[in-house]
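Trainee: My questions will all concern the structure given below.
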Amino acid sequence: MKRFSAKTAATVLAARLEPALLVVTAAALTAGGSAWLAGAGGLADLLWALGAASALLPAVGWVVAALRRGQAGVDLIAVLALVGTLAVREYLAGALIALMLATGRTLEAAAQRRASHDVRALVERTPRTARRRTGAGVSTVPLTEVRAGDLLVVGPGEVVPVDGRVESDLAVFDESVLTGEPLQVERAKDEAVRSGVINAGGAFELRATATEQDSTYAEIVRLARQASAESAPVVRLADRYAAWFLPLSLAVAGLAWLLSGSAVRAVAVLVVATPCPLLLAAPVAIVSGLSRASRLGVVVRGGGALENLGRARTLLLDKTGTLTGGRPRVLDIAAAPAWKPAQVLGLAAALDQYSPHVLAHAIVDAARERGLELPVVSDVTEDPGRGASGTVDGQRASIGRTAAADDVPSWARAVDNRALLDGAAVAWLTVDGQVVGAVLLRDPPRPDAPRTLRHLRTAGIERIMMLTGDRAEPAQEVAAVLGLDGVRAELSPADKVAAVREERERAVTVMVGDGVNDAPALAAADIGVAMGARGSTASSEAADIVLTTDRVDRLADAVAIAGRARRIAVQSALGGMLMSLAAMAAAAAGLLPPAAGALLQEGIDVAVILNALRALRVGQGARPPLTPAAEVLVQRFAAEHNDLQDVVEAVRAAADRLSDSSGPQAVAAVEETHRLLTERLLPHERAEERLLYPKLAPTLGGPEATATMSRAHTEIERLSRRIATHLHLAHAHGGLDPDQLDDLRSCLYGLHTVLRLHFSQEEENYFSLAP
């Protein structure tokens, strides 16, 4: 603790010293100039000398500190120039150098002040006590007194204090703090439970298998602290160039003195060699990049983080809340032959509307988005881990898990198969003990994720991988959809840290996450990025960069901004140094006295600063913003997409009915689907073509950008007309002819596939443009 306090005190002192030095040197130069204009040359020299001397002492301190770290930074030239100007009585030149040095240090402090990797949020969340059951009853004891073998009681909503095994029949947990996954999990009797997870069900008993210090959550805190301590400070861009500029400047100054015998010439060389472009250009460009990023909702904690981000080549991403939305959504609704998907969803939502379960929220939200009228349910009860039950029209209904049975109908087996293929969870709806429907739920990829990954690759990221605590199947599904270079699933926080360290050995690495479980990995990476809009406090405090808006595409913008700011900083520094080298040659030849050289150096400063300020402007590759009219339309049609999900599901359901039989019920299902297409979906597609696409064209670079989407509209119209023709023939012939079945099924399945692909493309390409 003392070490952190000393570091904090030093930071506060530096924050006060540098602005004060800037004020003193500027005042000394201004006052000396006023005295010189008034004819008081002696007073002017005294004021200028005081200004130079005021900068000398702190500059020596900076140089000594750098030398102790094994660095000979650019400040050494400034110190030698200050000493030289005072020695040869070139006080004006000394005052100008002092002002330049103070300005550079102040700008650099503003640009590269790094936030400490605070683990306070992790520590504050750690339980301090536990409820231990003994023969005398239940008593609250300090967590440090818990030993392996103790029987503990964990109440609803409490954090599991130590690693252990479930002693009750069943317990339900929110493990997102460790895995990042929002789905609740169930643990049966004797199953292992890790500390740090939250009891999402009723009270249960836990048999401790480890002490506090040996448990999972304590290890997460230690990992975050250790990884944070390992993060090396970023070497200043200026100091990297000083490695060759410093000895060159000293050699030229020494050679000028040796050949001419004039110490003034040597001082003049040092004056113009004072690396103002290094001290000013790089910080100005980096500060400009920080300002530009902040306008987009990207908080970069210091110039070092931005500079590192501009050099990053590997990106590691958590899945939940980063690549996916972090909130499960209804993927599909399956219904028994006598039921309709809307009936299944409505009844499921009615049962789940009072449940706190994350899947229940998704089901209720889906029903509300579709405008369904929920039936009246009475006697609602919830069995944690099993689901909700209630009475509807005298029948007992339930939604949630269902026991496995030997006589599973074919449609239910198809649901199980699809859940496995899509990495989805299933909530089964039963009425009087009979399974009548199922709701498939999945945490889908964020609409802006594919666009973000493309822009990241364009910005220079060469390798993109997913690190997740989730199961391998859904992780692989997301990775395949997004085209990632690799995925590592079922990782513990320690595994994530190890993976980050492994990638850091190959290239500068960025880690993106949003949960407490991600905090150690964020701290271990070269650059940690937290999804701060919904992420945990611990992950935000362990990160170098925080996205304050819930849009992962801002990360791609930040990488582009960082790369551009770094390029401009390098251009400004190198250009300024080339001009300084030319001035050094002139000073060595006796053509440039110290005072004139200092003024010339200030002119070079102005040039490189103006160039560095280009980092404030939007780069040529930046996306133009949507017009207000286009933004309104994007939001309107995005909302309509949600409303039309039941139509897409009805298309597939009608095709499935045709696969079972071609009787009147199947024909009725196709007719209902055609009605939905005609009354709801096709008007939506035509309105998009007429209203939305022309408004998007200027932002996307012309009408060709929406040409492929227009072609999809054409195909949707064609398949809808073909389905209508089949229905006309069926009415004319008194039913579907056998030779129609294959083509009609193909039309329906094909239309379902086209609609899903088309909706996904629009959500990715267009709807993610709007905030």
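Simple scheme: letters A, B, ... for chains in structure tokens order, numbers from 1 for residues in each chain, numbers from 1 for ligands in the order shown.
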Name all residues at most 10 Å from Ser355 of chain A (count only C-alpha atoms; drop same-chain ones fewer than 6 positions away) and give them as a list in words.
Mentor: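 The filter keeps Ala349, His361, Val364, Val380, Thr381, Glu382, Pro384, Gly387 and Ala388 of chain A.
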Trainee: Could you write out that same residue set with N, CA and C atoms as a PDB file, in the first residue's frame?
Mentor:
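Everything below was put into selection02.pdb:
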```pdb
ATOM      1  N   ALA A 349     -44.870 -16.806 -22.724  1.00  0.00           N
ATOM      2  CA  ALA A 349     -44.638 -15.474 -22.159  1.00  0.00           C
ATOM      3  C   ALA A 349     -45.565 -15.193 -20.986  1.00  0.00           C
ATOM      4  N   HIS A 361     -37.061 -13.472 -19.516  1.00  0.00           N
ATOM      5  CA  HIS A 361     -37.102 -12.097 -20.034  1.00  0.00           C
ATOM      6  C   HIS A 361     -37.082 -12.095 -21.556  1.00  0.00           C
ATOM      7  N   VAL A 364     -40.548 -13.160 -22.924  1.00  0.00           N
ATOM      8  CA  VAL A 364     -41.552 -12.098 -22.756  1.00  0.00           C
ATOM      9  C   VAL A 364     -41.281 -10.956 -23.730  1.00  0.00           C
ATOM     10  N   VAL A 380     -49.656 -19.062 -10.585  1.00  0.00           N
ATOM     11  CA  VAL A 380     -48.311 -19.175 -11.160  1.00  0.00           C
ATOM     12  C   VAL A 380     -47.305 -19.472 -10.056  1.00  0.00           C
ATOM     13  N   THR A 381     -46.495 -20.472 -10.274  1.00  0.00           N
ATOM     14  CA  THR A 381     -45.403 -20.818  -9.367  1.00  0.00           C
ATOM     15  C   THR A 381     -44.140 -21.040 -10.191  1.00  0.00           C
ATOM     16  N   GLU A 382     -42.997 -20.942  -9.519  1.00  0.00           N
ATOM     17  CA  GLU A 382     -41.731 -21.173 -10.228  1.00  0.00           C
ATOM     18  C   GLU A 382     -40.857 -22.087  -9.406  1.00  0.00           C
ATOM     19  N   PRO A 384     -37.157 -23.109  -9.135  1.00  0.00           N
ATOM     20  CA  PRO A 384     -35.838 -22.693  -9.621  1.00  0.00           C
ATOM     21  C   PRO A 384     -35.116 -23.839 -10.334  1.00  0.00           C
ATOM     22  N   GLY A 387     -38.495 -24.103 -14.128  1.00  0.00           N
ATOM     23  CA  GLY A 387     -39.321 -23.225 -14.926  1.00  0.00           C
ATOM     24  C   GLY A 387     -40.563 -22.779 -14.175  1.00  0.00           C
ATOM     25  N   ALA A 388     -41.454 -22.114 -14.912  1.00  0.00           N
ATOM     26  CA  ALA A 388     -42.680 -21.562 -14.323  1.00  0.00           C
ATOM     27  C   ALA A 388     -43.876 -22.409 -14.729  1.00  0.00           C
TER      28      ALA A 388
END
```
Trainee: Can you tell me which residues surround Arg442 of chain A at a distance of at most 8 Å, considering only C-alpha atoms, apart from same-chain residues fewer than 6 positions away, and format the answer as a ChimeraX atom specification?
Mentor: /A:328-331,423-425
Trainee: The selected residues should be written to file as a PDB file, in the first residue's frame (atoms: all heavy atoms).
Mentor:
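Contents of out32.pdb, freshly written:
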```pdb
ATOM      1  N   PRO A 328     -29.862 -13.194 -24.312  1.00  0.00           N
ATOM      2  CA  PRO A 328     -30.462 -14.218 -25.183  1.00  0.00           C
ATOM      3  C   PRO A 328     -31.683 -13.666 -25.904  1.00  0.00           C
ATOM      4  O   PRO A 328     -32.411 -12.815 -25.383  1.00  0.00           O
ATOM      5  CB  PRO A 328     -30.850 -15.331 -24.203  1.00  0.00           C
ATOM      6  CG  PRO A 328     -29.998 -15.106 -23.007  1.00  0.00           C
ATOM      7  CD  PRO A 328     -29.792 -13.632 -22.912  1.00  0.00           C
ATOM      8  N   ARG A 329     -31.881 -14.165 -27.121  1.00  0.00           N
ATOM      9  CA  ARG A 329     -33.052 -13.787 -27.920  1.00  0.00           C
ATOM     10  C   ARG A 329     -33.708 -15.048 -28.454  1.00  0.00           C
ATOM     11  O   ARG A 329     -33.066 -16.087 -28.625  1.00  0.00           O
ATOM     12  CB  ARG A 329     -32.632 -12.883 -29.086  1.00  0.00           C
ATOM     13  CG  ARG A 329     -32.146 -11.509 -28.662  1.00  0.00           C
ATOM     14  CD  ARG A 329     -31.685 -10.707 -29.870  1.00  0.00           C
ATOM     15  NE  ARG A 329     -32.736 -10.579 -30.869  1.00  0.00           N
ATOM     16  CZ  ARG A 329     -32.555 -10.004 -32.068  1.00  0.00           C
ATOM     17  NH1 ARG A 329     -31.368  -9.529 -32.397  1.00  0.00           N
ATOM     18  NH2 ARG A 329     -33.549  -9.909 -32.918  1.00  0.00           N
ATOM     19  N   VAL A 330     -34.985 -14.928 -28.721  1.00  0.00           N
ATOM     20  CA  VAL A 330     -35.716 -16.065 -29.292  1.00  0.00           C
ATOM     21  C   VAL A 330     -35.218 -16.309 -30.707  1.00  0.00           C
ATOM     22  O   VAL A 330     -35.268 -15.421 -31.560  1.00  0.00           O
ATOM     23  CB  VAL A 330     -37.228 -15.800 -29.282  1.00  0.00           C
ATOM     24  CG1 VAL A 330     -37.968 -16.882 -30.058  1.00  0.00           C
ATOM     25  CG2 VAL A 330     -37.739 -15.728 -27.850  1.00  0.00           C
ATOM     26  N   LEU A 331     -34.711 -17.519 -30.938  1.00  0.00           N
ATOM     27  CA  LEU A 331     -34.209 -17.897 -32.258  1.00  0.00           C
ATOM     28  C   LEU A 331     -35.318 -18.468 -33.127  1.00  0.00           C
ATOM     29  O   LEU A 331     -35.422 -18.142 -34.311  1.00  0.00           O
ATOM     30  CB  LEU A 331     -33.086 -18.925 -32.096  1.00  0.00           C
ATOM     31  CG  LEU A 331     -32.537 -19.574 -33.362  1.00  0.00           C
ATOM     32  CD1 LEU A 331     -31.831 -18.535 -34.226  1.00  0.00           C
ATOM     33  CD2 LEU A 331     -31.579 -20.709 -33.008  1.00  0.00           C
ATOM     34  N   GLY A 423     -26.393 -24.317 -31.296  1.00  0.00           N
ATOM     35  CA  GLY A 423     -25.888 -23.910 -29.998  1.00  0.00           C
ATOM     36  C   GLY A 423     -26.915 -23.137 -29.195  1.00  0.00           C
ATOM     37  O   GLY A 423     -26.588 -22.153 -28.526  1.00  0.00           O
ATOM     38  N   ALA A 424     -28.182 -23.581 -29.260  1.00  0.00           N
ATOM     39  CA  ALA A 424     -29.279 -22.848 -28.621  1.00  0.00           C
ATOM     40  C   ALA A 424     -29.763 -23.569 -27.376  1.00  0.00           C
ATOM     41  O   ALA A 424     -29.568 -24.774 -27.204  1.00  0.00           O
ATOM     42  CB  ALA A 424     -30.441 -22.682 -29.603  1.00  0.00           C
ATOM     43  N   ALA A 425     -30.403 -22.805 -26.496  1.00  0.00           N
ATOM     44  CA  ALA A 425     -31.091 -23.366 -25.338  1.00  0.00           C
ATOM     45  C   ALA A 425     -32.555 -23.567 -25.706  1.00  0.00           C
ATOM     46  O   ALA A 425     -33.096 -22.863 -26.569  1.00  0.00           O
ATOM     47  CB  ALA A 425     -30.956 -22.439 -24.138  1.00  0.00           C
TER      48      ALA A 425
END
```
Trainee: List every residue of segment 521-610 of chain A that DSSP, applied to the backbone, labels as strand (DSSP E), and write the result as a ChimeraX atom specification.
Mentor: /A:527-531,545-547
Trainee: Write out as a list in words which residues come within 10 Å of Phe637 of chain A when counting only C-alpha atoms, dropping same-chain ones fewer than 2 positions away.
Mentor: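 In the requested format, the answer is Val632, Leu633, Val634, Gln635, Ala639, Glu640, His641, Asn642, Asp643, His684, Glu685, Ala687, Glu688, Leu692, Glu762, Glu763, Tyr766 and Phe767 of chain A.
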Trainee: When you look at Arg756 of chain A with a cut-off of 12 Å (counting only C-alpha atoms), what residues show up, excluding the ones that are within fewer than 3 positions of it in the same chain? I need them as an MDAnalysis selection string.
Mentor: chainID A and resid 331:332 641:642 644:649 651:652 712 716 749:753 759:763
Trainee: Just write the chosen residues, C-alpha atoms, as a CSV table (one decimal), in the first residue's frame.
Mentor:
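Writing done, so here's again19.csv:
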```
chain,number,residue,atom,x,y,z
A,331,LEU,CA,-34.2,-17.9,-32.3
A,332,ASP,CA,-37.2,-19.9,-33.3
A,641,HIS,CA,-37.4,-6.5,-38.8
A,642,ASN,CA,-38.1,-7.5,-35.2
A,644,LEU,CA,-41.5,-9.7,-38.9
A,645,GLN,CA,-39.7,-12.5,-37.2
A,646,ASP,CA,-42.9,-14.5,-36.7
A,647,VAL,CA,-43.5,-14.3,-40.5
A,648,VAL,CA,-40.1,-15.8,-41.2
A,649,GLU,CA,-40.8,-18.5,-38.7
A,651,VAL,CA,-42.6,-19.8,-43.7
A,652,ARG,CA,-40.4,-22.6,-42.2
A,712,ALA,CA,-32.6,-10.2,-52.7
A,716,ILE,CA,-38.3,-12.7,-52.3
A,749,TYR,CA,-37.5,-23.6,-47.5
A,750,GLY,CA,-35.7,-21.4,-50.0
A,751,LEU,CA,-37.7,-18.4,-49.1
A,752,HIS,CA,-37.0,-19.0,-45.4
A,753,THR,CA,-33.2,-19.2,-46.1
A,759,PHE,CA,-32.4,-9.9,-42.7
A,760,SER,CA,-28.9,-10.7,-41.4
A,761,GLN,CA,-27.3,-8.7,-44.2
A,762,GLU,CA,-29.4,-5.7,-43.7
A,763,GLU,CA,-28.9,-5.7,-39.9
```
